[in-house]
>>> print(open('query-v6.csv').read())   # CSV, C-alpha atoms
chain,number,residue,atom,x,y,z
A,1121,MET,CA,69.9,10.1,94.6
A,1122,ILE,CA,68.9,9.2,91.1
A,1123,ILE,CA,65.5,8.6,89.6
A,1124,ALA,CA,66.1,4.8,89.5
A,1125,ASP,CA,66.2,4.9,93.3
A,1126,LEU,CA,62.5,5.6,93.3
A,1127,SER,CA,60.0,2.8,92.9
A,1128,SER,CA,57.7,3.1,89.9
A,1129,HIS,CA,54.9,3.8,92.4
A,1130,GLU,CA,56.9,6.5,94.1
A,1131,LEU,CA,57.9,8.1,90.8
A,1132,GLU,CA,54.3,8.2,89.7
A,1133,HIS,CA,53.2,9.6,93.1
A,1134,ARG,CA,55.8,12.3,93.1
A,1135,LEU,CA,55.2,13.4,89.6
A,1136,ALA,CA,51.5,13.6,90.4
A,1137,GLY,CA,52.2,15.5,93.6
A,1138,PRO,CA,55.1,17.8,94.4
A,1139,GLY,CA,57.0,16.8,91.3
A,1140,ILE,CA,60.6,15.6,90.9
A,1141,ARG,CA,63.6,18.0,90.6
A,1142,LEU,CA,65.5,16.5,87.7
A,1143,ARG,CA,69.1,17.6,87.2
A,1144,THR,CA,70.3,17.6,83.6
A,1145,GLY,CA,73.8,19.1,83.5
A,1146,PRO,CA,73.6,22.6,85.0
A,1147,VAL,CA,69.8,22.8,84.8
A,1148,VAL,CA,67.3,21.6,87.4
A,1149,SER,CA,63.7,21.3,86.3
A,1150,ARG,CA,60.9,20.6,88.6
A,1151,ILE,CA,58.5,18.3,86.6
A,1152,GLN,CA,54.9,17.5,87.5
A,1153,SER,CA,52.5,15.3,85.5
A,1154,ARG,CA,49.8,12.8,86.0
A,1155,LEU,CA,50.0,11.5,82.5
A,1156,PRO,CA,51.2,7.9,82.2
A,1157,ALA,CA,53.2,8.6,79.0
A,1158,VAL,CA,55.3,11.2,80.9
A,1159,VAL,CA,55.8,8.9,83.9
A,1160,GLN,CA,56.9,6.1,81.5
A,1161,GLY,CA,59.1,8.4,79.5
A,1162,ILE,CA,60.9,9.7,82.6
A,1163,ALA,CA,61.3,6.1,83.9
A,1164,LEU,CA,62.8,5.0,80.5
A,1165,HIS,CA,65.0,8.0,79.7
A,1166,TYR,CA,65.9,9.6,83.0
A,1167,ALA,CA,66.4,6.6,85.4
A,1168,GLN,CA,70.1,7.4,85.9
A,1169,TYR,CA,69.8,11.2,86.3
A,1170,PRO,CA,70.2,12.9,89.7
A,1171,THR,CA,67.1,14.1,91.4
A,1172,GLU,CA,67.5,17.0,93.8
A,1173,GLU,CA,65.9,17.6,97.2
A,1174,SER,CA,62.1,18.2,97.0
A,1175,ASP,CA,62.4,21.7,98.4
A,1176,GLY,CA,65.5,22.6,96.5
A,1177,PHE,CA,66.0,25.3,93.9
A,1178,ALA,CA,64.7,24.6,90.4
A,1179,ASP,CA,65.4,26.7,87.3
A,1180,PHE,CA,62.1,25.8,85.7
A,1181,HIS,CA,58.8,24.6,87.1
A,1182,VAL,CA,57.3,22.4,84.4
A,1183,ARG,CA,54.0,20.7,84.3
A,1184,ILE,CA,52.6,18.5,81.5
A,1185,GLY,CA,48.8,18.4,81.8
A,1186,ARG,CA,45.6,18.3,79.9
A,1187,PRO,CA,43.7,21.5,79.1
A,1188,ARG,CA,40.4,21.9,81.0
A,1189,ASN,CA,38.0,21.9,78.2
A,1190,LEU,CA,35.9,19.5,76.1
A,1191,ARG,CA,39.1,18.2,74.7
A,1192,ARG,CA,39.4,16.1,77.9
A,1193,TRP,CA,36.9,13.8,76.3
A,1194,LEU,CA,37.1,14.5,72.6
A,1195,GLN,CA,40.4,14.1,70.8
A,1196,PRO,CA,42.3,14.7,74.1
A,1197,GLN,CA,45.2,17.1,74.1
A,1198,VAL,CA,48.2,18.0,76.2
A,1199,LEU,CA,49.8,21.3,77.3
A,1200,PHE,CA,53.3,22.3,78.4
A,1201,PHE,CA,53.2,24.6,81.4
A,1202,VAL,CA,56.3,26.5,82.7
A,1203,ASP,CA,56.1,28.6,85.8
A,1204,GLY,CA,52.3,28.4,85.6
A,1205,GLN,CA,52.1,29.7,82.0
A,1206,ALA,CA,51.3,27.7,78.8
A,1207,PRO,CA,53.5,29.3,76.1
A,1208,PHE,CA,52.5,27.0,73.3
A,1209,THR,CA,49.3,25.7,71.8
A,1210,PRO,CA,48.1,22.2,72.9
A,1211,LEU,CA,49.1,19.1,71.0
A,1212,PRO,CA,47.4,15.7,70.8
A,1213,LEU,CA,47.7,13.7,74.0
A,1214,ASP,CA,49.9,11.1,72.3
A,1215,GLN,CA,52.7,13.7,72.2
A,1216,ALA,CA,52.9,14.1,76.0
A,1217,PHE,CA,56.5,13.0,76.3
A,1218,PRO,CA,57.8,14.8,73.1
A,1219,ILE,CA,56.2,18.0,74.4
A,1220,LEU,CA,58.1,17.6,77.6
A,1221,GLU,CA,61.4,17.3,75.7
A,1222,TRP,CA,60.6,20.1,73.3
A,1223,GLY,CA,59.5,22.3,76.2
A,1224,LEU,CA,62.6,21.6,78.2
A,1225,ASN,CA,64.7,22.6,75.2
A,1226,TRP,CA,62.8,25.8,74.8
A,1227,CYS,CA,63.2,26.6,78.5
A,1228,VAL,CA,67.0,26.4,78.1
A,1229,SER,CA,67.3,28.2,74.7
A,1230,ALA,CA,65.0,31.0,75.8
A,1231,HIS,CA,66.2,31.6,79.3
A,1232,CYS,CA,69.8,30.3,80.0
A,1233,HIS,CA,71.6,33.4,78.8
A,1234,GLN,CA,74.5,32.8,81.1
A,1235,TYR,CA,75.6,30.7,78.2
A,1236,LEU,CA,76.1,31.3,74.5
A,1237,ILE,CA,73.7,28.8,73.0
A,1238,PHE,CA,73.7,27.3,69.5
A,1239,HIS,CA,71.3,25.0,67.7
A,1240,ALA,CA,73.9,22.3,67.4
A,1241,ALA,CA,74.4,18.7,68.5
A,1242,VAL,CA,77.7,18.2,70.4
A,1243,VAL,CA,79.7,15.1,71.3
A,1244,GLU,CA,83.1,14.6,72.9
A,1245,ARG,CA,86.1,12.4,72.5
A,1246,SER,CA,89.4,12.7,74.5
A,1247,GLY,CA,88.3,16.0,76.0
A,1248,ARG,CA,87.6,17.7,72.7
A,1249,ALA,CA,84.1,18.7,71.6
A,1250,LEU,CA,82.7,18.1,68.1
A,1251,LEU,CA,80.0,20.7,67.4
A,1252,LEU,CA,77.5,19.7,64.8
A,1253,PRO,CA,75.3,22.8,63.9
A,1254,ALA,CA,72.7,22.2,61.2
A,1255,PRO,CA,69.1,23.0,60.4
A,1256,PRO,CA,66.3,20.4,60.9
A,1257,GLY,CA,66.4,17.6,58.3
A,1258,SER,CA,70.2,17.7,57.8
A,1259,GLY,CA,70.8,14.4,59.6
A,1260,LYS,CA,72.4,16.1,62.7
A,1261,SER,CA,70.6,14.1,65.3
A,1262,THR,CA,71.0,10.8,63.4
A,1263,LEU,CA,74.8,11.5,63.2
A,1264,CYS,CA,74.9,12.4,66.8
A,1265,ALA,CA,73.1,9.2,67.8
A,1266,GLY,CA,75.4,7.2,65.6
A,1267,LEU,CA,78.5,8.8,67.2
A,1268,VAL,CA,77.4,8.2,70.8
A,1269,ASN,CA,76.8,4.6,69.9
A,1270,ARG,CA,80.4,4.4,68.7
A,1271,GLY,CA,82.2,5.7,71.8
A,1272,TRP,CA,81.6,9.5,71.6
A,1273,ARG,CA,80.2,11.1,74.8
A,1274,LEU,CA,76.9,12.8,74.3
A,1275,LEU,CA,76.9,16.4,75.5
A,1276,SER,CA,73.6,17.4,73.7
A,1277,ASP,CA,71.8,16.5,70.5
A,1278,GLU,CA,70.2,19.9,70.2
A,1279,LEU,CA,71.7,22.7,72.4
A,1280,THR,CA,75.4,23.6,72.5
A,1281,LEU,CA,76.1,25.7,75.6
A,1282,ILE,CA,79.3,27.7,75.7
A,1283,ASP,CA,80.6,29.0,79.1
A,1284,PHE,CA,81.7,32.6,78.9
A,1285,ALA,CA,84.3,32.3,81.6
A,1286,THR,CA,86.1,29.2,80.3
A,1287,CYS,CA,85.2,29.0,76.6
A,1288,SER,CA,84.2,25.3,77.3
A,1289,VAL,CA,81.2,23.4,76.2
A,1290,VAL,CA,78.8,22.6,79.0
A,1291,PRO,CA,77.1,19.2,78.8
A,1292,LEU,CA,73.3,19.0,78.7
A,1293,PRO,CA,72.9,15.3,78.0
A,1294,ARG,CA,69.2,14.4,77.4
A,1295,PRO,CA,67.4,12.0,75.1
A,1296,VAL,CA,68.3,12.2,71.4
A,1297,SER,CA,65.3,13.1,69.3
A,1298,LEU,CA,65.0,10.9,66.2
A,1299,LYS,CA,62.6,11.5,63.4
A,1300,ASN,CA,61.1,9.5,60.6
A,1301,GLN,CA,63.5,7.2,58.8
A,1302,SER,CA,66.2,8.0,61.4
A,1303,ILE,CA,64.4,5.8,63.9
A,1304,ASP,CA,64.9,2.6,61.9
A,1305,VAL,CA,68.4,3.7,60.9
A,1306,ILE,CA,69.4,3.9,64.6
A,1307,ARG,CA,67.5,0.6,65.4
A,1308,ALA,CA,69.6,-1.1,62.8
A,1309,PHE,CA,72.8,0.7,63.6
A,1310,ALA,CA,72.7,0.2,67.4
A,1311,PRO,CA,70.2,-2.5,68.2
A,1312,ALA,CA,71.0,-2.3,71.9
A,1313,SER,CA,70.1,1.4,72.2
A,1314,ALA,CA,66.9,2.2,74.1
A,1315,LEU,CA,64.3,4.0,72.1
A,1316,SER,CA,60.8,5.2,73.1
A,1317,ARG,CA,57.7,4.2,71.3
A,1318,PRO,CA,57.4,6.2,68.1
A,1319,VAL,CA,54.8,9.0,68.2
A,1320,HIS,CA,53.2,9.7,64.8
A,1321,ASP,CA,51.8,12.8,63.1
A,1322,THR,CA,53.8,15.4,65.1
A,1323,THR,CA,54.8,18.6,63.4
A,1324,LYS,CA,58.2,16.9,62.8
A,1325,GLY,CA,56.6,13.7,61.5
A,1326,THR,CA,57.2,10.5,63.5
A,1327,VAL,CA,59.3,11.1,66.5
A,1328,ALA,CA,61.1,8.7,68.9
A,1329,HIS,CA,63.7,9.4,71.6
A,1330,MET,CA,66.9,7.5,72.2
A,1331,ARG,CA,68.1,7.2,75.8
A,1332,ALA,CA,71.4,9.0,76.5
A,1333,PRO,CA,74.3,6.5,77.3
A,1334,ILE,CA,74.8,6.1,81.0
A,1335,ASP,CA,78.4,7.3,80.8
A,1336,SER,CA,77.3,10.6,79.3
A,1337,VAL,CA,74.8,11.1,82.1
A,1338,ARG,CA,77.3,10.3,84.8
A,1339,ARG,CA,79.8,12.8,83.3
A,1340,ALA,CA,77.2,15.5,82.8
A,1341,MET,CA,79.2,18.0,84.9
A,1342,GLU,CA,82.4,17.5,83.0
A,1343,PRO,CA,82.9,20.2,80.3
A,1344,ALA,CA,84.8,19.8,77.1
A,1345,ARG,CA,87.0,22.1,75.1
A,1346,PRO,CA,85.9,23.0,71.6
A,1347,GLY,CA,87.8,20.9,69.0
A,1348,TRP,CA,85.9,20.8,65.7
A,1349,ILE,CA,82.9,22.5,64.1
A,1350,VAL,CA,81.3,20.4,61.4
A,1351,PHE,CA,78.3,21.2,59.4
A,1352,PRO,CA,76.7,17.9,58.5
A,1353,ARG,CA,74.4,17.2,55.6
A,1354,TYR,CA,72.7,13.8,54.8
A,1355,GLU,CA,72.7,13.0,51.1
A,1356,ALA,CA,71.3,9.7,50.0
A,1357,GLY,CA,74.1,7.7,48.4
A,1358,ALA,CA,76.9,10.2,49.2
A,1359,ALA,CA,80.3,8.9,50.2
A,1360,ALA,CA,81.2,10.3,53.6
A,1361,HIS,CA,83.7,13.2,53.2
A,1362,LEU,CA,84.9,16.2,55.1
A,1363,THR,CA,85.6,19.5,53.3
A,1364,ALA,CA,87.7,22.1,55.0
A,1365,LEU,CA,85.9,25.3,55.8
A,1366,SER,CA,87.5,28.6,56.5
A,1367,LYS,CA,87.2,29.9,60.1
A,1368,GLY,CA,85.5,33.1,58.8
A,1369,ARG,CA,82.8,31.1,57.1
A,1370,GLY,CA,82.6,28.8,60.1
A,1371,LEU,CA,82.0,31.7,62.4
A,1372,MET,CA,79.3,33.2,60.1
A,1373,GLU,CA,77.5,29.8,59.9
A,1374,MET,CA,77.7,29.4,63.7
A,1375,ALA,CA,76.4,32.9,64.3
A,1376,GLY,CA,73.4,31.9,62.1
A,1377,SER,CA,72.8,28.9,64.4
A,1378,GLY,CA,72.9,31.0,67.6
A,1379,PHE,CA,69.8,31.1,69.8
A,1380,ASN,CA,71.1,34.1,71.8
A,1381,TYR,CA,74.1,35.3,69.8
A,1382,SER,CA,72.4,38.6,69.2
A,1383,VAL,CA,71.5,39.0,72.9
A,1384,HIS,CA,75.1,39.1,73.9
A,1385,GLY,CA,76.4,41.6,71.4
A,1386,ARG,CA,80.2,42.1,71.4
A,1387,ARG,CA,80.7,39.6,74.3
A,1388,GLY,CA,78.9,36.9,72.2
A,1389,PHE,CA,81.0,37.7,69.1
A,1390,GLU,CA,84.3,37.5,71.1
A,1391,LEU,CA,83.3,34.2,72.7
A,1392,LEU,CA,82.3,32.7,69.4
A,1393,ALA,CA,85.5,33.9,67.8
A,1394,ASN,CA,87.4,32.3,70.6
A,1395,VAL,CA,85.5,29.0,70.0
A,1396,VAL,CA,86.2,29.2,66.3
A,1397,ASP,CA,89.9,29.9,67.0
A,1398,ARG,CA,90.2,26.7,68.9
A,1399,CYS,CA,88.4,24.6,66.2
A,1400,ASN,CA,89.0,23.1,62.8
A,1401,CYS,CA,85.9,23.8,60.6
A,1402,TYR,CA,84.5,21.5,58.0
A,1403,GLU,CA,81.4,20.7,55.9
A,1404,PHE,CA,80.5,17.1,56.0
A,1405,ALA,CA,78.3,15.1,53.6
A,1406,TYR,CA,77.3,11.5,54.3
A,1407,GLY,CA,74.9,8.8,53.1
A,1408,ASP,CA,75.9,6.0,55.4
A,1409,LEU,CA,76.1,6.2,59.1
A,1410,GLU,CA,78.8,3.5,59.5
A,1411,GLU,CA,81.0,5.4,57.0
A,1412,ALA,CA,80.3,8.6,58.8
A,1413,THR,CA,81.3,7.4,62.2
A,1414,ALA,CA,84.6,6.0,60.7
A,1415,VAL,CA,85.4,9.5,59.4
A,1416,PHE,CA,85.0,11.0,62.8
A,1417,ASP,CA,87.0,8.3,64.5
A,1418,ALA,CA,89.8,9.2,62.1
A,1419,LEU,CA,89.4,12.9,62.8
A,1420,ALA,CA,89.5,12.3,66.6
A,1421,THR,CA,92.7,10.3,66.4
A,1422,GLY,CA,94.4,12.7,64.0
A,1423,PRO,CA,96.6,15.7,64.9
B,1164,MET,CA,74.4,52.7,45.8
B,1165,SER,CA,75.5,53.8,49.2
B,1166,LEU,CA,74.1,55.8,52.0
B,1167,THR,CA,75.6,59.2,52.4
B,1168,ALA,CA,76.5,60.9,55.6
B,1169,ALA,CA,73.4,63.0,55.3
B,1170,GLY,CA,71.3,59.8,55.2
B,1171,THR,CA,70.2,60.2,51.6
B,1172,TRP,CA,70.8,57.7,48.8
B,1173,PRO,CA,73.1,58.7,45.9
B,1174,THR,CA,71.3,58.5,42.6
B,1175,SER,CA,74.0,56.8,40.6
B,1176,VAL,CA,77.1,54.8,40.9
B,1177,SER,CA,79.0,57.7,39.3
B,1178,GLU,CA,78.1,59.8,42.4
B,1179,VAL,CA,79.6,57.2,44.6
B,1180,SER,CA,82.6,57.1,42.4
B,1181,SER,CA,83.2,60.8,42.4
B,1182,PRO,CA,86.9,61.5,43.2
B,1183,GLN,CA,86.0,64.4,45.5
B,1184,LEU,CA,84.1,62.1,47.9
B,1185,ARG,CA,85.7,61.5,51.2
B,1186,TRP,CA,85.0,58.1,52.7
B,1187,ARG,CA,84.8,57.3,56.3
B,1188,GLY,CA,84.5,54.1,58.2
B,1189,VAL,CA,82.3,53.7,61.3
B,1190,PRO,CA,84.3,54.6,64.4
B,1191,ARG,CA,87.0,52.0,65.2
B,1192,THR,CA,85.6,51.8,68.7
B,1193,ALA,CA,82.3,50.5,67.3
B,1194,LEU,CA,84.0,47.5,65.8
B,1195,THR,CA,85.4,44.3,67.1
B,1196,TRP,CA,87.6,42.3,64.6
B,1197,ARG,CA,89.0,38.9,64.2
B,1198,GLU,CA,91.3,38.0,61.3
B,1199,TRP,CA,92.2,34.6,60.0
B,1200,GLY,CA,94.5,34.7,57.0
B,1201,ASP,CA,92.9,36.8,54.3
B,1202,GLU,CA,89.5,36.7,56.0
B,1203,LEU,CA,88.3,39.3,58.4
B,1204,VAL,CA,85.2,39.0,60.5
B,1205,VAL,CA,83.9,42.2,62.0
B,1206,PHE,CA,81.2,42.8,64.6
B,1207,ASN,CA,79.5,46.2,64.5
B,1208,HIS,CA,78.4,47.2,68.0
B,1209,GLU,CA,76.1,49.9,66.6
B,1210,THR,CA,74.0,47.5,64.4
B,1211,GLY,CA,74.7,44.2,66.2
B,1212,SER,CA,75.6,42.8,62.8
B,1213,THR,CA,78.5,40.4,62.0
B,1214,HIS,CA,80.2,40.6,58.6
B,1215,LEU,CA,82.7,38.4,56.8
B,1216,LEU,CA,85.1,40.4,54.6
B,1217,ASP,CA,87.7,39.2,52.1
B,1218,GLY,CA,91.3,40.5,52.2
B,1219,LEU,CA,90.7,43.6,50.0
B,1220,ALA,CA,87.5,44.6,51.9
B,1221,GLY,CA,89.3,44.1,55.2
B,1222,ALA,CA,92.2,46.3,54.1
B,1223,VAL,CA,89.9,49.0,52.9
B,1224,LEU,CA,88.0,49.0,56.1
B,1225,HIS,CA,91.3,49.2,58.1
B,1226,GLU,CA,92.3,52.2,56.1
B,1227,LEU,CA,88.9,53.9,56.5
B,1228,THR,CA,88.8,53.5,60.3
B,1229,ALA,CA,92.4,54.7,60.6
B,1230,ALA,CA,91.6,57.9,58.7
B,1231,GLU,CA,89.5,60.0,61.1
B,1232,SER,CA,89.0,62.8,58.6
B,1233,GLY,CA,88.0,60.5,55.8
B,1234,VAL,CA,89.9,59.4,52.7
B,1235,THR,CA,89.3,59.7,49.0
B,1236,LEU,CA,89.2,56.9,46.6
B,1237,ALA,CA,92.6,58.0,45.1
B,1238,ALA,CA,94.2,58.0,48.5
B,1239,LEU,CA,92.8,54.6,49.3
B,1240,VAL,CA,94.2,53.2,46.1
B,1241,ALA,CA,97.6,54.8,46.8
B,1242,ALA,CA,97.6,53.3,50.3
B,1243,LEU,CA,96.8,49.8,49.0
B,1244,THR,CA,99.1,49.6,46.0
B,1245,ASP,CA,102.9,50.1,45.7
B,1246,ASP,CA,104.1,51.9,42.7
B,1247,PRO,CA,101.4,50.7,40.4
B,1248,SER,CA,101.2,51.1,36.6
B,1249,ALA,CA,98.4,53.2,35.3
B,1250,GLN,CA,96.5,50.1,34.3
B,1251,ASP,CA,96.9,48.6,37.8
B,1252,ARG,CA,95.8,51.8,39.3
B,1253,GLN,CA,92.7,51.9,37.2
B,1254,GLU,CA,91.8,48.2,38.0
B,1255,CYS,CA,92.5,48.8,41.7
B,1256,ALA,CA,90.3,51.9,41.7
B,1257,GLN,CA,87.4,49.9,40.3
B,1258,ALA,CA,87.9,47.1,42.8
B,1259,VAL,CA,88.1,49.5,45.7
B,1260,ASN,CA,85.1,51.4,44.5
B,1261,ALA,CA,83.1,48.2,44.4
B,1262,VAL,CA,84.3,47.4,48.0
B,1263,LEU,CA,83.3,50.9,49.2
B,1264,THR,CA,79.8,50.4,47.7
B,1265,ASP,CA,79.6,47.0,49.5
B,1266,LEU,CA,80.8,48.5,52.8
B,1267,SER,CA,78.3,51.3,52.6
B,1268,TRP,CA,75.5,48.8,52.1
B,1269,LEU,CA,76.7,46.9,55.2
B,1270,GLY,CA,76.7,50.1,57.2
B,1271,LEU,CA,80.5,50.0,57.7
B,1272,ALA,CA,81.4,53.0,55.6
B,1273,HIS,CA,79.8,56.2,54.2
B,1274,ALA,CA,80.7,59.0,51.9
B,1275,ASP,CA,80.6,62.6,52.9
B,1276,LYS,CA,78.7,65.0,50.7
B,1277,PRO,CA,81.1,66.6,48.2
>>> encode(input="query-v6.csv", output="structure tokens")
Amino acid sequence: MIIADLSSHELEHRLAGPGIRLRTGPVVSRIQSRLPAVVQGIALHYAQYPTEESDGFADFHVRIGRPRNLRRWLQPQVLFFVDGQAPFTPLPLDQAFPILEWGLNWCVSAHCHQYLIFHAAVVERSGRALLLPAPPGSGKSTLCAGLVNRGWRLLSDELTLIDFATCSVVPLPRPVSLKNQSIDVIRAFAPASALSRPVHDTTKGTVAHMRAPIDSVRRAMEPARPGWIVFPRYEAGAAAHLTALSKGRGLMEMAGSGFNYSVHGRRGFELLANVVDRCNCYEFAYGDLEEATAVFDALATGP
Amino acid sequence: MSLTAAGTWPTSVSEVSSPQLRWRGVPRTALTWREWGDELVVFNHETGSTHLLDGLAGAVLHELTAAESGVTLAALVAALTDDPSAQDRQECAQAVNAVLTDLSWLGLAHADKP
């Protein structure tokens, strides 16, 4: 069963009551909320995602709700709850859907230590994964959104999960978070992509989410082998170009992008070294998304 | 400067450079390595730190961890150079000494008290 099998009334009723158990790759999250923005966001972004039995196991029990204080009436706010706790301060009510997305990312990065997790977008072509680790503001998610609108499969725009047993990248396809100018860039680059209404004045500026392509959602249980590690950097006016990076430097940069690299000690080092062993490493500067996607098309069809 | 085996800091570079000093690497069992060409990446289990070393630093660390009783600067230079001229030996000694200082900063090597 997928979310789209539920009528809008049934989706709203379930979210307000027992919740839905949403499967995103290997993770099941039970989500509850009475907030219309959350119901609409789930209907838009998660329609094609599997929903598990209502009494089945869930990794995280999440609720998006309003704090019980005067803020209910004055400048209303929203809180992210997981397993009954609210680990973060409230945000303006307008940010109800972004807080769900940010909270779900936090749940995975802070708890799913069965994987080695990196702050990196990751997409796939012909079975090989392209890892795009980069700090905020580097154009990582924009590039990721561009690539998945040009035939690459979305594994994640934010969290790269590496399986210890197989050294493969485990998909976690969820909406792609776009910020500020990137929203209009993607609207122009891929007019058919489905974007949520922009939310202004968040800590990240203006935020909108792009729905994951349906093929990426349907193949969410299909891992990919590491193929390339590329550190992207947006530079206005720059010609798109790849610069080879040594594996040693690639490993060090990846280690710096790890959410739980230090948690795993030697085991984490060995897995990361195995990933780097399998990859060609590059730095990448770009100023135009069309040029950038062409570079990666050539990379994917090369040796 | 580098941290000595007794846990005190030498007061000058000349102390680090003393030819009587015997240098030791952290136990080999505390390290996991990966080499790509002239680069060596090493993970120190004792500190949880990951380090990227160039070819010379990697070679010095290999020599240190292989010599359980420690090794002097002169012995390191001899191990790393074949039949050098006096000038080569001097340049090599300076380079190796700089590497030893860096390795001690990284917690990968230390000098015994003379």
>>> residues_near_point(input="query-v6.csv", point="(86.3, 59.2, 61.0)", cutoff="12 Å", atoms="only C-alpha atoms", output="PyMOL selection string")
chain B and resi 1168+1185-1193+1224-1234+1271-1275
>>> residues_around(input="query-v6.csv", residues="Ala1344 of chain A", least_positions_apart="2", cutoff="6 Å", atoms="all atoms listed in the file", output="ChimeraX atom specification")
/A:1247-1249,1288-1289
>>> interface_residues(input="query-v6.csv", of="chain B", to="chain A", cutoff="7 Å", atoms="only C-alpha atoms", output="PyMOL selection string")
chain B and resi 1199+1202-1204+1206+1208+1211+1215
>>> residues_around(input="query-v6.csv", residues="segment 1199-1213 of chain A", least_positions_apart="2", cutoff="12 Å", atoms="all atoms listed in the file", output="JSON, numbers by chain")
{"A": [1149, 1150, 1151, 1152, 1153, 1155, 1156, 1157, 1158, 1178, 1179, 1180, 1181, 1182, 1183, 1184, 1185, 1186, 1187, 1188, 1189, 1191, 1192, 1193, 1194, 1195, 1196, 1197, 1215, 1216, 1217, 1218, 1219, 1220, 1221, 1222, 1223, 1224, 1225, 1226, 1227, 1228, 1230, 1231, 1319, 1320, 1321, 1322, 1323]}
>>> atom_distance(input="query-v6.csv", atom1="atom CA of Arg1398 of chain A", atom2="atom CA of Ile1349 of chain A")
9.7 Å
>>> axis_aligned_box(input="query-v6.csv", around="segment 1230-1239 of chain B", padding_each_side="8 Å", output="lines of an AutoDock Vina configuration file")
center_x = 91.1
center_y = 58.7
center_z = 53.1
size_x = 22.2
size_y = 24.2
size_z = 32.0
